[in-house]
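What follows is data11.pdb (PDB, C-alpha atoms).
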ATOM      1  CA  MET A   1     -31.428   7.292  16.373
ATOM      2  CA  PRO A   2     -29.474   4.169  17.314
ATOM      3  CA  ARG A   3     -31.564   1.947  15.049
ATOM      4  CA  ILE A   4     -30.498   3.618  11.796
ATOM      5  CA  LEU A   5     -28.451   0.624  10.611
ATOM      6  CA  PRO A   6     -31.011  -2.087  11.492
ATOM      7  CA  ILE A   7     -33.709   0.005   9.813
ATOM      8  CA  LEU A   8     -31.624   0.377   6.637
ATOM      9  CA  PHE A   9     -30.908  -3.351   6.714
ATOM     10  CA  ALA A  10     -34.637  -4.082   6.999
ATOM     11  CA  ILE A  11     -35.700  -1.687   4.229
ATOM     12  CA  SER A  12     -33.001  -2.856   1.851
ATOM     13  CA  THR A  13     -33.494  -6.551   2.565
ATOM     14  CA  ALA A  14     -37.223  -6.212   1.902
ATOM     15  CA  LEU A  15     -36.495  -4.544  -1.434
ATOM     16  CA  LEU A  16     -33.923  -7.198  -2.260
ATOM     17  CA  LEU A  17     -36.446  -9.967  -1.642
ATOM     18  CA  ALA A  18     -39.230  -8.156  -3.461
ATOM     19  CA  CYS A  19     -37.263  -7.864  -6.700
ATOM     20  CA  SER A  20     -35.469 -11.222  -6.603
ATOM     21  CA  GLY A  21     -37.629 -12.703  -9.364
ATOM     22  CA  ALA A  22     -36.260 -12.245 -12.889
ATOM     23  CA  ASP A  23     -39.687 -11.259 -14.272
ATOM     24  CA  THR A  24     -39.764  -8.292 -11.870
ATOM     25  CA  LEU A  25     -36.795  -6.663 -13.614
ATOM     26  CA  GLU A  26     -37.365  -7.440 -17.293
ATOM     27  CA  ASP A  27     -38.919  -4.111 -18.299
ATOM     28  CA  ARG A  28     -37.041  -1.839 -15.947
ATOM     29  CA  PRO A  29     -34.931   1.088 -17.284
ATOM     30  CA  VAL A  30     -31.220   0.263 -17.560
ATOM     31  CA  ALA A  31     -28.584   2.644 -16.141
ATOM     32  CA  ASP A  32     -26.148   3.965 -18.738
ATOM     33  CA  GLY A  33     -23.417   5.107 -16.370
ATOM     34  CA  GLN A  34     -24.538   8.750 -16.329
ATOM     35  CA  ARG A  35     -25.193  10.894 -13.250
ATOM     36  CA  LEU A  36     -28.841  11.010 -12.207
ATOM     37  CA  THR A  37     -30.827  13.202  -9.829
ATOM     38  CA  VAL A  38     -32.566  11.366  -6.979
ATOM     39  CA  PRO A  39     -35.664  13.424  -6.028
ATOM     40  CA  ILE A  40     -35.644  12.978  -2.257
ATOM     41  CA  GLY A  41     -34.564  16.343  -0.816
ATOM     42  CA  ASP A  42     -36.645  19.199   0.559
ATOM     43  CA  VAL A  43     -33.998  21.922   0.283
ATOM     44  CA  ASN A  44     -31.214  20.111  -1.557
ATOM     45  CA  GLN A  45     -31.041  17.510  -4.284
ATOM     46  CA  ALA A  46     -29.033  14.298  -4.359
ATOM     47  CA  THR A  47     -27.241  13.034  -7.452
ATOM     48  CA  VAL A  48     -25.505   9.702  -7.970
ATOM     49  CA  ILE A  49     -24.014   7.506 -10.714
ATOM     50  CA  PRO A  50     -25.643   4.047 -10.642
ATOM     51  CA  PRO A  51     -23.460   1.230 -12.002
ATOM     52  CA  LYS A  52     -23.847   0.825 -15.764
ATOM     53  CA  GLY A  53     -26.233  -1.989 -16.599
ATOM     54  CA  THR A  54     -28.133  -1.946 -13.314
ATOM     55  CA  LYS A  55     -31.920  -1.711 -13.566
ATOM     56  CA  ARG A  56     -33.901   1.053 -11.900
ATOM     57  CA  LEU A  57     -36.460  -0.370  -9.493
ATOM     58  CA  ASP A  58     -37.807   3.019  -8.344
ATOM     59  CA  LEU A  59     -36.632   6.628  -8.233
ATOM     60  CA  GLN A  60     -33.962   5.890  -5.627
ATOM     61  CA  THR A  61     -33.164   2.177  -6.095
ATOM     62  CA  TRP A  62     -31.223   0.138  -8.671
ATOM     63  CA  VAL A  63     -30.516  -3.598  -8.806
ATOM     64  CA  GLN A  64     -27.982  -5.823 -10.517
ATOM     65  CA  GLN A  65     -29.044  -9.415 -11.080
ATOM     66  CA  LEU A  66     -26.193 -11.874 -10.567
ATOM     67  CA  GLY A  67     -28.117 -15.151 -10.764
ATOM     68  CA  GLN A  68     -31.191 -16.905  -9.483
ATOM     69  CA  ASP A  69     -32.310 -15.061  -6.312
ATOM     70  CA  ARG A  70     -28.985 -13.196  -6.136
ATOM     71  CA  LEU A  71     -28.943  -9.443  -6.511
ATOM     72  CA  LEU A  72     -26.934  -6.406  -5.560
ATOM     73  CA  LEU A  73     -29.158  -3.526  -4.496
ATOM     74  CA  TYR A  74     -28.053   0.116  -4.811
ATOM     75  CA  ARG A  75     -30.101   2.793  -3.044
ATOM     76  CA  VAL A  76     -30.049   6.462  -2.041
ATOM     77  CA  HIS A  77     -32.014   7.408   1.081
ATOM     78  CA  ARG A  78     -32.743  10.554   3.095
ATOM     79  CA  ALA A  79     -33.869  10.769   6.722
ATOM     80  CA  ALA A  80     -34.402  13.555   9.225
ATOM     81  CA  ALA A  81     -31.242  14.461  11.109
ATOM     82  CA  PRO A  82     -31.292  12.997  14.621
ATOM     83  CA  GLU A  83     -30.491  14.944  17.737
ATOM     84  CA  GLY A  84     -26.742  15.127  18.073
ATOM     85  CA  GLY A  85     -26.113  14.926  14.331
ATOM     86  CA  LEU A  86     -24.726  12.304  12.003
ATOM     87  CA  GLN A  87     -21.641  11.203  13.881
ATOM     88  CA  SER A  88     -23.358  10.478  17.183
ATOM     89  CA  ALA A  89     -26.197   8.661  15.374
ATOM     90  CA  VAL A  90     -23.792   6.378  13.512
ATOM     91  CA  ASP A  91     -21.772   5.740  16.676
ATOM     92  CA  ALA A  92     -24.935   4.752  18.524
ATOM     93  CA  ALA A  93     -26.069   2.529  15.647
ATOM     94  CA  LEU A  94     -22.768   0.666  15.554
ATOM     95  CA  ALA A  95     -22.810   0.171  19.311
ATOM     96  CA  GLU A  96     -26.370  -1.182  19.139
ATOM     97  CA  LEU A  97     -25.487  -3.490  16.260
ATOM     98  CA  GLY A  98     -22.610  -5.041  18.170
ATOM     99  CA  LYS A  99     -24.507  -5.256  21.451
ATOM    100  CA  GLN A 100     -27.392  -7.196  19.925
ATOM    101  CA  GLY A 101     -25.114  -9.565  18.048
ATOM    102  CA  GLN A 102     -26.831  -8.726  14.771
ATOM    103  CA  GLY A 103     -23.621  -8.348  12.858
ATOM    104  CA  GLY A 104     -20.138  -7.036  12.702
ATOM    105  CA  VAL A 105     -18.529  -3.880  11.360
ATOM    106  CA  GLU A 106     -15.740  -4.510   8.874
ATOM    107  CA  ARG A 107     -14.923  -0.875   8.242
ATOM    108  CA  ASP A 108     -15.678   2.512   9.763
ATOM    109  CA  SER A 109     -13.880   5.467   8.188
ATOM    110  CA  THR A 110     -14.429   9.000   6.927
ATOM    111  CA  LEU A 111     -14.245  10.419   3.416
ATOM    112  CA  GLN A 112     -15.280  13.485   1.412
ATOM    113  CA  LEU A 113     -18.343  13.692  -0.813
ATOM    114  CA  GLY A 114     -17.750  16.945  -2.629
ATOM    115  CA  ASP A 115     -17.671  19.602   0.096
ATOM    116  CA  LEU A 116     -19.316  17.424   2.735
ATOM    117  CA  ASP A 117     -17.745  15.064   5.245
ATOM    118  CA  ALA A 118     -19.145  11.534   5.150
ATOM    119  CA  ARG A 119     -18.991   8.356   7.191
ATOM    120  CA  HIS A 120     -18.193   5.106   5.352
ATOM    121  CA  ILE A 121     -19.474   1.922   7.024
ATOM    122  CA  ARG A 122     -19.263  -1.727   6.001
ATOM    123  CA  ALA A 123     -21.437  -3.970   8.150
ATOM    124  CA  THR A 124     -22.440  -7.627   7.975
ATOM    125  CA  ASP A 125     -25.731  -9.138   9.124
ATOM    126  CA  LEU A 126     -24.653 -12.392  10.740
ATOM    127  CA  LYS A 127     -28.233 -13.593  11.259
ATOM    128  CA  ALA A 128     -28.852 -13.899   7.530
ATOM    129  CA  SER A 129     -28.135 -17.146   5.709
ATOM    130  CA  PRO A 130     -26.016 -16.680   3.689
ATOM    131  CA  PRO A 131     -24.559 -13.612   5.425
ATOM    132  CA  THR A 132     -25.664 -10.247   4.021
ATOM    133  CA  SER A 133     -23.408  -7.221   3.753
ATOM    134  CA  LEU A 134     -24.401  -3.547   3.829
ATOM    135  CA  TRP A 135     -21.946  -0.896   2.654
ATOM    136  CA  MET A 136     -22.959   2.722   3.026
ATOM    137  CA  VAL A 137     -21.796   6.305   3.080
ATOM    138  CA  ALA A 138     -23.774   8.876   5.051
ATOM    139  CA  THR A 139     -23.468  12.648   5.069
ATOM    140  CA  GLU A 140     -25.460  15.454   6.664
ATOM    141  CA  ALA A 141     -26.826  18.568   4.955
ATOM    142  CA  GLU A 142     -29.353  21.209   6.016
ATOM    143  CA  ASP A 143     -32.379  19.026   5.284
ATOM    144  CA  GLY A 144     -31.263  15.729   6.758
ATOM    145  CA  ILE A 145     -28.936  12.765   6.478
ATOM    146  CA  TYR A 146     -28.327  11.439   2.984
ATOM    147  CA  THR A 147     -27.198   7.841   2.596
ATOM    148  CA  ALA A 148     -26.018   5.799  -0.376
ATOM    149  CA  LEU A 149     -25.910   2.072   0.255
ATOM    150  CA  VAL A 150     -25.166  -1.270  -1.354
ATOM    151  CA  LEU A 151     -26.730  -4.486  -0.074
ATOM    152  CA  GLY A 152     -26.241  -8.093  -1.128
ATOM    153  CA  GLN A 153     -24.794 -11.427  -0.161
ATOM    154  CA  LEU A 154     -21.454 -10.911   1.549
ATOM    155  CA  ASP A 155     -19.385 -12.649  -1.158
ATOM    156  CA  ASP A 156     -21.126 -10.725  -3.957
ATOM    157  CA  VAL A 157     -20.652  -7.351  -2.301
ATOM    158  CA  ARG A 158     -16.946  -8.029  -1.801
ATOM    159  CA  LYS A 159     -16.527  -9.307  -5.374
ATOM    160  CA  PHE A 160     -17.806  -6.017  -6.819
ATOM    161  CA  GLU A 161     -15.863  -3.787  -4.410
ATOM    162  CA  GLN A 162     -14.677  -1.221  -6.987
ATOM    163  CA  GLN A 163     -18.104  -0.898  -8.602
ATOM    164  CA  ASN A 164     -19.716  -0.503  -5.194
ATOM    165  CA  MET A 165     -17.251   2.151  -4.048
ATOM    166  CA  ASP A 166     -17.652   4.059  -7.322
ATOM    167  CA  PHE A 167     -21.393   4.214  -6.654
ATOM    168  CA  LEU A 168     -21.080   5.185  -2.992
ATOM    169  CA  THR A 169     -18.497   7.902  -3.561
ATOM    170  CA  SER A 170     -20.458   9.347  -6.503
ATOM    171  CA  LEU A 171     -23.124  10.673  -4.099
ATOM    172  CA  ARG A 172     -23.330  14.468  -4.184
ATOM    173  CA  ILE A 173     -25.698  16.801  -2.358
ATOM    174  CA  LEU A 174     -26.424  20.055  -4.210
ATOM    175  CA  ASN A 175     -28.530  23.089  -3.418
ATOM    176  CA  ALA A 176     -31.295  24.400  -5.680
ATOM    177  CA  GLN A 177     -28.756  26.383  -7.693
ATOM    178  CA  GLY A 178     -26.635  23.283  -8.342
ATOM    179  CA  ALA A 179     -23.814  24.291  -5.991
ATOM    180  CA  PRO A 180     -22.491  21.976  -3.265
ATOM    181  CA  ALA A 181     -24.788  21.900  -0.256
ATOM    182  CA  SER A 182     -23.641  23.440   3.010
ATOM    183  CA  ARG A 183     -22.832  21.593   6.173
ATOM    184  CA  PRO A 184     -25.482  22.121   8.869
ATOM    185  CA  GLN A 185     -24.377  24.799  11.293
ATOM    186  CA  PRO A 186     -24.115  24.065  15.018
ATOM    187  CA  ALA A 187     -26.815  25.762  17.052
ATOM    188  CA  ASP A 188     -24.254  28.033  18.719
ATOM    189  CA  ASP A 189     -23.206  29.386  15.326
ATOM    190  CA  LEU A 190     -26.793  30.313  14.463
ATOM    191  CA  ALA A 191     -27.519  32.230  17.659
ATOM    192  CA  PRO A 192     -27.320  36.040  17.477
ATOM    193  CA  PRO A 193     -24.485  37.662  19.424
ATOM    194  CA  ASP A 194     -25.284  38.676  22.966
ATOM    195  CA  ALA A 195     -26.515  42.203  23.404
ATOM    196  CA  PRO A 196     -24.041  44.613  25.045
ATOM    197  CA  THR A 197     -24.188  44.565  28.812
ATOM    198  CA  PRO A 198     -25.630  47.824  30.204
ATOM    199  CA  THR A 199     -23.154  49.848  32.263
ATOM    200  CA  GLY A 200     -23.352  52.748  34.689
ATOM    201  CA  ARG A 201     -25.867  51.291  37.160
TER     202      ARG A 201
END

Can the structure from this file be put into structure tokens for me?
Amino acid sequence: MPRILPILFAISTALLLACSGADTLEDRPVADGQRLTVPIGDVNQATVIPPKGTKRLDLQTWVQQLGQDRLLLYRVHRAAAPEGGLQSAVDAALAELGKQGQGGVERDSTLQLGDLDARHIRATDLKASPPTSLWMVATEAEDGIYTALVLGQLDDVRKFEQQNMDFLTSLRILNAQGAPASRPQPADDLAPPDAPTPTGR
């Protein structure tokens, strides 16, 4: 799944452009700083705290209007887990991004989202004018890869660093009972133990 970052860039940029008009956002619900459930899981549920004052575009997307045609977009996304898992998919995506000259990676680190390990990426699309920045955290649970992301003009994303990080690190993946979701188990851990080897022949 090496195209995970370009795909997220494309989806988010399209949403950013679609809601850039002020009239698009006038009647949208306004976030009050409380934790919300994002209905995107099959087995688990995602929750997140959108920045207070942002407007909800759809069930998994919020926007903050900063001026004429300038927005910060906040989104939670879920995708099927690729072969090899989260880490190899992100590694491949970053390698592809650099190879194609589409942008640069400012940060690549790990952090904890509740009980789950997550990858924190900050990438810049150098083809955009002005440059666009995508910050994201991605974690893997039993039913796929969950991603929280922030997209906007590079200067705007950097200006609201604390707000953006508060949103990204608020992502939690819970099971149906409301407990932290489990990490996906490696295939070897799911296989039954080998049967005893017959002896005496």

- Task: Show me as a PyMOL selection string the residues that reach within 10 Å of (-20.3, 9.4, -8.5), counting only C-alpha atoms and using the file's own coordinates.
- Result: chain A and resi 33-36+47-51+113-114+165-172

Within 12 Å of (-16.5, -7.1, 8.7) (file coordinates; only C-alpha atoms), which protein or nucleic acid residues are there? I'd like them as a compact mmCIF listing (two decimals) with C-alpha atoms, keeping the file's coordinate frame.
# COMPACT_ATOMS: atom_id res chain seq x y z
CA GLY A 98 -22.61 -5.04 18.17
CA GLY A 103 -23.62 -8.35 12.86
CA GLY A 104 -20.14 -7.04 12.70
CA VAL A 105 -18.53 -3.88 11.36
CA GLU A 106 -15.74 -4.51 8.87
CA ARG A 107 -14.92 -0.88 8.24
CA ASP A 108 -15.68 2.51 9.76
CA ILE A 121 -19.47 1.92 7.02
CA ARG A 122 -19.26 -1.73 6.00
CA ALA A 123 -21.44 -3.97 8.15
CA THR A 124 -22.44 -7.63 7.98
CA ASP A 125 -25.73 -9.14 9.12
CA LEU A 126 -24.65 -12.39 10.74
CA PRO A 131 -24.56 -13.61 5.42
CA THR A 132 -25.66 -10.25 4.02
CA SER A 133 -23.41 -7.22 3.75
CA LEU A 134 -24.40 -3.55 3.83
CA TRP A 135 -21.95 -0.90 2.65
CA LEU A 154 -21.45 -10.91 1.55
CA ASP A 155 -19.39 -12.65 -1.16
CA VAL A 157 -20.65 -7.35 -2.30
CA ARG A 158 -16.95 -8.03 -1.80

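Closest approach to Glu161 of chain A among A:Leu72, A:Val90, A:Ala46, A:Leu25: A:Leu72, based on all atoms listed in the file.
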
- Message: Which residues, named as in the file, does the PyMOL selection byres ((chain A and resi 76) around 12) pick out? Answer as number ranges by chain.
- Response: A: 8, 11-12, 36-41, 45-50, 56-62, 73-75, 77-79, 135-139, 145-151, 167-173

Those same residues - C-alpha atoms - I'd like them written as a PDB file, in the coordinates of the input.
ATOM      1  CA  LEU A   8     -31.624   0.377   6.637  1.00  0.00           C
ATOM      2  CA  ILE A  11     -35.700  -1.687   4.229  1.00  0.00           C
ATOM      3  CA  SER A  12     -33.001  -2.856   1.851  1.00  0.00           C
ATOM      4  CA  LEU A  36     -28.841  11.010 -12.207  1.00  0.00           C
ATOM      5  CA  THR A  37     -30.827  13.202  -9.829  1.00  0.00           C
ATOM      6  CA  VAL A  38     -32.566  11.366  -6.979  1.00  0.00           C
ATOM      7  CA  PRO A  39     -35.664  13.424  -6.028  1.00  0.00           C
ATOM      8  CA  ILE A  40     -35.644  12.978  -2.257  1.00  0.00           C
ATOM      9  CA  GLY A  41     -34.564  16.343  -0.816  1.00  0.00           C
ATOM     10  CA  GLN A  45     -31.041  17.510  -4.284  1.00  0.00           C
ATOM     11  CA  ALA A  46     -29.033  14.298  -4.359  1.00  0.00           C
ATOM     12  CA  THR A  47     -27.241  13.034  -7.452  1.00  0.00           C
ATOM     13  CA  VAL A  48     -25.505   9.702  -7.970  1.00  0.00           C
ATOM     14  CA  ILE A  49     -24.014   7.506 -10.714  1.00  0.00           C
ATOM     15  CA  PRO A  50     -25.643   4.047 -10.642  1.00  0.00           C
ATOM     16  CA  ARG A  56     -33.901   1.053 -11.900  1.00  0.00           C
ATOM     17  CA  LEU A  57     -36.460  -0.370  -9.493  1.00  0.00           C
ATOM     18  CA  ASP A  58     -37.807   3.019  -8.344  1.00  0.00           C
ATOM     19  CA  LEU A  59     -36.632   6.628  -8.233  1.00  0.00           C
ATOM     20  CA  GLN A  60     -33.962   5.890  -5.627  1.00  0.00           C
ATOM     21  CA  THR A  61     -33.164   2.177  -6.095  1.00  0.00           C
ATOM     22  CA  TRP A  62     -31.223   0.138  -8.671  1.00  0.00           C
ATOM     23  CA  LEU A  73     -29.158  -3.526  -4.496  1.00  0.00           C
ATOM     24  CA  TYR A  74     -28.053   0.116  -4.811  1.00  0.00           C
ATOM     25  CA  ARG A  75     -30.101   2.793  -3.044  1.00  0.00           C
ATOM     26  CA  HIS A  77     -32.014   7.408   1.081  1.00  0.00           C
ATOM     27  CA  ARG A  78     -32.743  10.554   3.095  1.00  0.00           C
ATOM     28  CA  ALA A  79     -33.869  10.769   6.722  1.00  0.00           C
ATOM     29  CA  TRP A 135     -21.946  -0.896   2.654  1.00  0.00           C
ATOM     30  CA  MET A 136     -22.959   2.722   3.026  1.00  0.00           C
ATOM     31  CA  VAL A 137     -21.796   6.305   3.080  1.00  0.00           C
ATOM     32  CA  ALA A 138     -23.774   8.876   5.051  1.00  0.00           C
ATOM     33  CA  THR A 139     -23.468  12.648   5.069  1.00  0.00           C
ATOM     34  CA  ILE A 145     -28.936  12.765   6.478  1.00  0.00           C
ATOM     35  CA  TYR A 146     -28.327  11.439   2.984  1.00  0.00           C
ATOM     36  CA  THR A 147     -27.198   7.841   2.596  1.00  0.00           C
ATOM     37  CA  ALA A 148     -26.018   5.799  -0.376  1.00  0.00           C
ATOM     38  CA  LEU A 149     -25.910   2.072   0.255  1.00  0.00           C
ATOM     39  CA  VAL A 150     -25.166  -1.270  -1.354  1.00  0.00           C
ATOM     40  CA  LEU A 151     -26.730  -4.486  -0.074  1.00  0.00           C
ATOM     41  CA  PHE A 167     -21.393   4.214  -6.654  1.00  0.00           C
ATOM     42  CA  LEU A 168     -21.080   5.185  -2.992  1.00  0.00           C
ATOM     43  CA  THR A 169     -18.497   7.902  -3.561  1.00  0.00           C
ATOM     44  CA  SER A 170     -20.458   9.347  -6.503  1.00  0.00           C
ATOM     45  CA  LEU A 171     -23.124  10.673  -4.099  1.00  0.00           C
ATOM     46  CA  ARG A 172     -23.330  14.468  -4.184  1.00  0.00           C
ATOM     47  CA  ILE A 173     -25.698  16.801  -2.358  1.00  0.00           C
TER      48      ILE A 173
END

Using the chain letters and numbers from the file, which residues does the PyMOL selection byres ((chain A and resi 70) around 9) grab, as an mmCIF file with C-alpha atoms, in the frame of the given file?
data_model
loop_
_atom_site.group_PDB
_atom_site.id
_atom_site.type_symbol
_atom_site.label_atom_id
_atom_site.label_comp_id
_atom_site.auth_asym_id
_atom_site.auth_seq_id
_atom_site.Cartn_x
_atom_site.Cartn_y
_atom_site.Cartn_z
ATOM 1 C CA LEU A 16 -33.923 -7.198 -2.260
ATOM 2 C CA SER A 20 -35.469 -11.222 -6.603
ATOM 3 C CA GLN A 64 -27.982 -5.823 -10.517
ATOM 4 C CA GLN A 65 -29.044 -9.415 -11.080
ATOM 5 C CA LEU A 66 -26.193 -11.874 -10.567
ATOM 6 C CA GLY A 67 -28.117 -15.151 -10.764
ATOM 7 C CA GLN A 68 -31.191 -16.905 -9.483
ATOM 8 C CA ASP A 69 -32.310 -15.061 -6.312
ATOM 9 C CA LEU A 71 -28.943 -9.443 -6.511
ATOM 10 C CA LEU A 72 -26.934 -6.406 -5.560
ATOM 11 C CA GLY A 152 -26.241 -8.093 -1.128
ATOM 12 C CA GLN A 153 -24.794 -11.427 -0.161
ATOM 13 C CA ASP A 156 -21.126 -10.725 -3.957
#

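Computed from the coordinates, the atom CA of Val43 of chain A to atom CA of Ala118 of chain A distance equals 18.8 Å.
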
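Straight-line separation from atom CA of Lys55 of chain A to atom CA of Gly178 of chain A: 26.1 Å.
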
Starting from the sparse input, extend segment 163-176 of chain A to N, CA, C and O atoms and give the output as a PDB file, keeping the file's coordinate frame.
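The result, written out as part-v4.pdb:
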ATOM      1  N   GLN A 163     -16.828  -1.404  -8.107  1.00  0.00           N
ATOM      2  CA  GLN A 163     -18.104  -0.898  -8.602  1.00  0.00           C
ATOM      3  C   GLN A 163     -18.934  -0.303  -7.469  1.00  0.00           C
ATOM      4  O   GLN A 163     -19.545   0.759  -7.616  1.00  0.00           O
ATOM      5  N   ASN A 164     -18.935  -0.979  -6.333  1.00  0.00           N
ATOM      6  CA  ASN A 164     -19.716  -0.503  -5.194  1.00  0.00           C
ATOM      7  C   ASN A 164     -19.173   0.815  -4.661  1.00  0.00           C
ATOM      8  O   ASN A 164     -19.930   1.733  -4.343  1.00  0.00           O
ATOM      9  N   MET A 165     -17.847   0.918  -4.548  1.00  0.00           N
ATOM     10  CA  MET A 165     -17.251   2.151  -4.048  1.00  0.00           C
ATOM     11  C   MET A 165     -17.443   3.298  -5.034  1.00  0.00           C
ATOM     12  O   MET A 165     -17.633   4.448  -4.624  1.00  0.00           O
ATOM     13  N   ASP A 166     -17.400   3.010  -6.328  1.00  0.00           N
ATOM     14  CA  ASP A 166     -17.652   4.059  -7.322  1.00  0.00           C
ATOM     15  C   ASP A 166     -19.060   4.625  -7.139  1.00  0.00           C
ATOM     16  O   ASP A 166     -19.273   5.843  -7.242  1.00  0.00           O
ATOM     17  N   PHE A 167     -20.023   3.753  -6.886  1.00  0.00           N
ATOM     18  CA  PHE A 167     -21.393   4.214  -6.654  1.00  0.00           C
ATOM     19  C   PHE A 167     -21.480   5.035  -5.372  1.00  0.00           C
ATOM     20  O   PHE A 167     -22.022   6.149  -5.367  1.00  0.00           O
ATOM     21  N   LEU A 168     -20.962   4.501  -4.280  1.00  0.00           N
ATOM     22  CA  LEU A 168     -21.080   5.185  -2.992  1.00  0.00           C
ATOM     23  C   LEU A 168     -20.426   6.552  -3.015  1.00  0.00           C
ATOM     24  O   LEU A 168     -20.987   7.536  -2.523  1.00  0.00           O
ATOM     25  N   THR A 169     -19.236   6.625  -3.574  1.00  0.00           N
ATOM     26  CA  THR A 169     -18.497   7.902  -3.561  1.00  0.00           C
ATOM     27  C   THR A 169     -18.979   8.867  -4.638  1.00  0.00           C
ATOM     28  O   THR A 169     -18.529  10.011  -4.673  1.00  0.00           O
ATOM     29  N   SER A 170     -19.902   8.423  -5.512  1.00  0.00           N
ATOM     30  CA  SER A 170     -20.458   9.347  -6.503  1.00  0.00           C
ATOM     31  C   SER A 170     -21.568  10.214  -5.917  1.00  0.00           C
ATOM     32  O   SER A 170     -22.007  11.181  -6.556  1.00  0.00           O
ATOM     33  N   LEU A 171     -22.043   9.896  -4.719  1.00  0.00           N
ATOM     34  CA  LEU A 171     -23.124  10.673  -4.099  1.00  0.00           C
ATOM     35  C   LEU A 171     -22.706  12.128  -3.913  1.00  0.00           C
ATOM     36  O   LEU A 171     -21.649  12.411  -3.352  1.00  0.00           O
ATOM     37  N   ARG A 172     -23.543  13.033  -4.384  1.00  0.00           N
ATOM     38  CA  ARG A 172     -23.330  14.468  -4.184  1.00  0.00           C
ATOM     39  C   ARG A 172     -24.642  15.102  -3.741  1.00  0.00           C
ATOM     40  O   ARG A 172     -25.709  14.736  -4.240  1.00  0.00           O
ATOM     41  N   ILE A 173     -24.535  16.059  -2.831  1.00  0.00           N
ATOM     42  CA  ILE A 173     -25.698  16.801  -2.358  1.00  0.00           C
ATOM     43  C   ILE A 173     -25.528  18.244  -2.823  1.00  0.00           C
ATOM     44  O   ILE A 173     -24.541  18.906  -2.482  1.00  0.00           O
ATOM     45  N   LEU A 174     -26.498  18.730  -3.605  1.00  0.00           N
ATOM     46  CA  LEU A 174     -26.424  20.055  -4.210  1.00  0.00           C
ATOM     47  C   LEU A 174     -27.612  20.892  -3.766  1.00  0.00           C
ATOM     48  O   LEU A 174     -28.692  20.362  -3.492  1.00  0.00           O
ATOM     49  N   ASN A 175     -27.406  22.206  -3.729  1.00  0.00           N
ATOM     50  CA  ASN A 175     -28.530  23.089  -3.418  1.00  0.00           C
ATOM     51  C   ASN A 175     -29.351  23.350  -4.681  1.00  0.00           C
ATOM     52  O   ASN A 175     -29.041  22.829  -5.753  1.00  0.00           O
ATOM     53  N   ALA A 176     -30.388  24.170  -4.558  1.00  0.00           N
ATOM     54  CA  ALA A 176     -31.295  24.400  -5.680  1.00  0.00           C
ATOM     55  C   ALA A 176     -30.607  25.046  -6.869  1.00  0.00           C
ATOM     56  O   ALA A 176     -31.061  24.921  -8.012  1.00  0.00           O
TER      57      ALA A 176
END
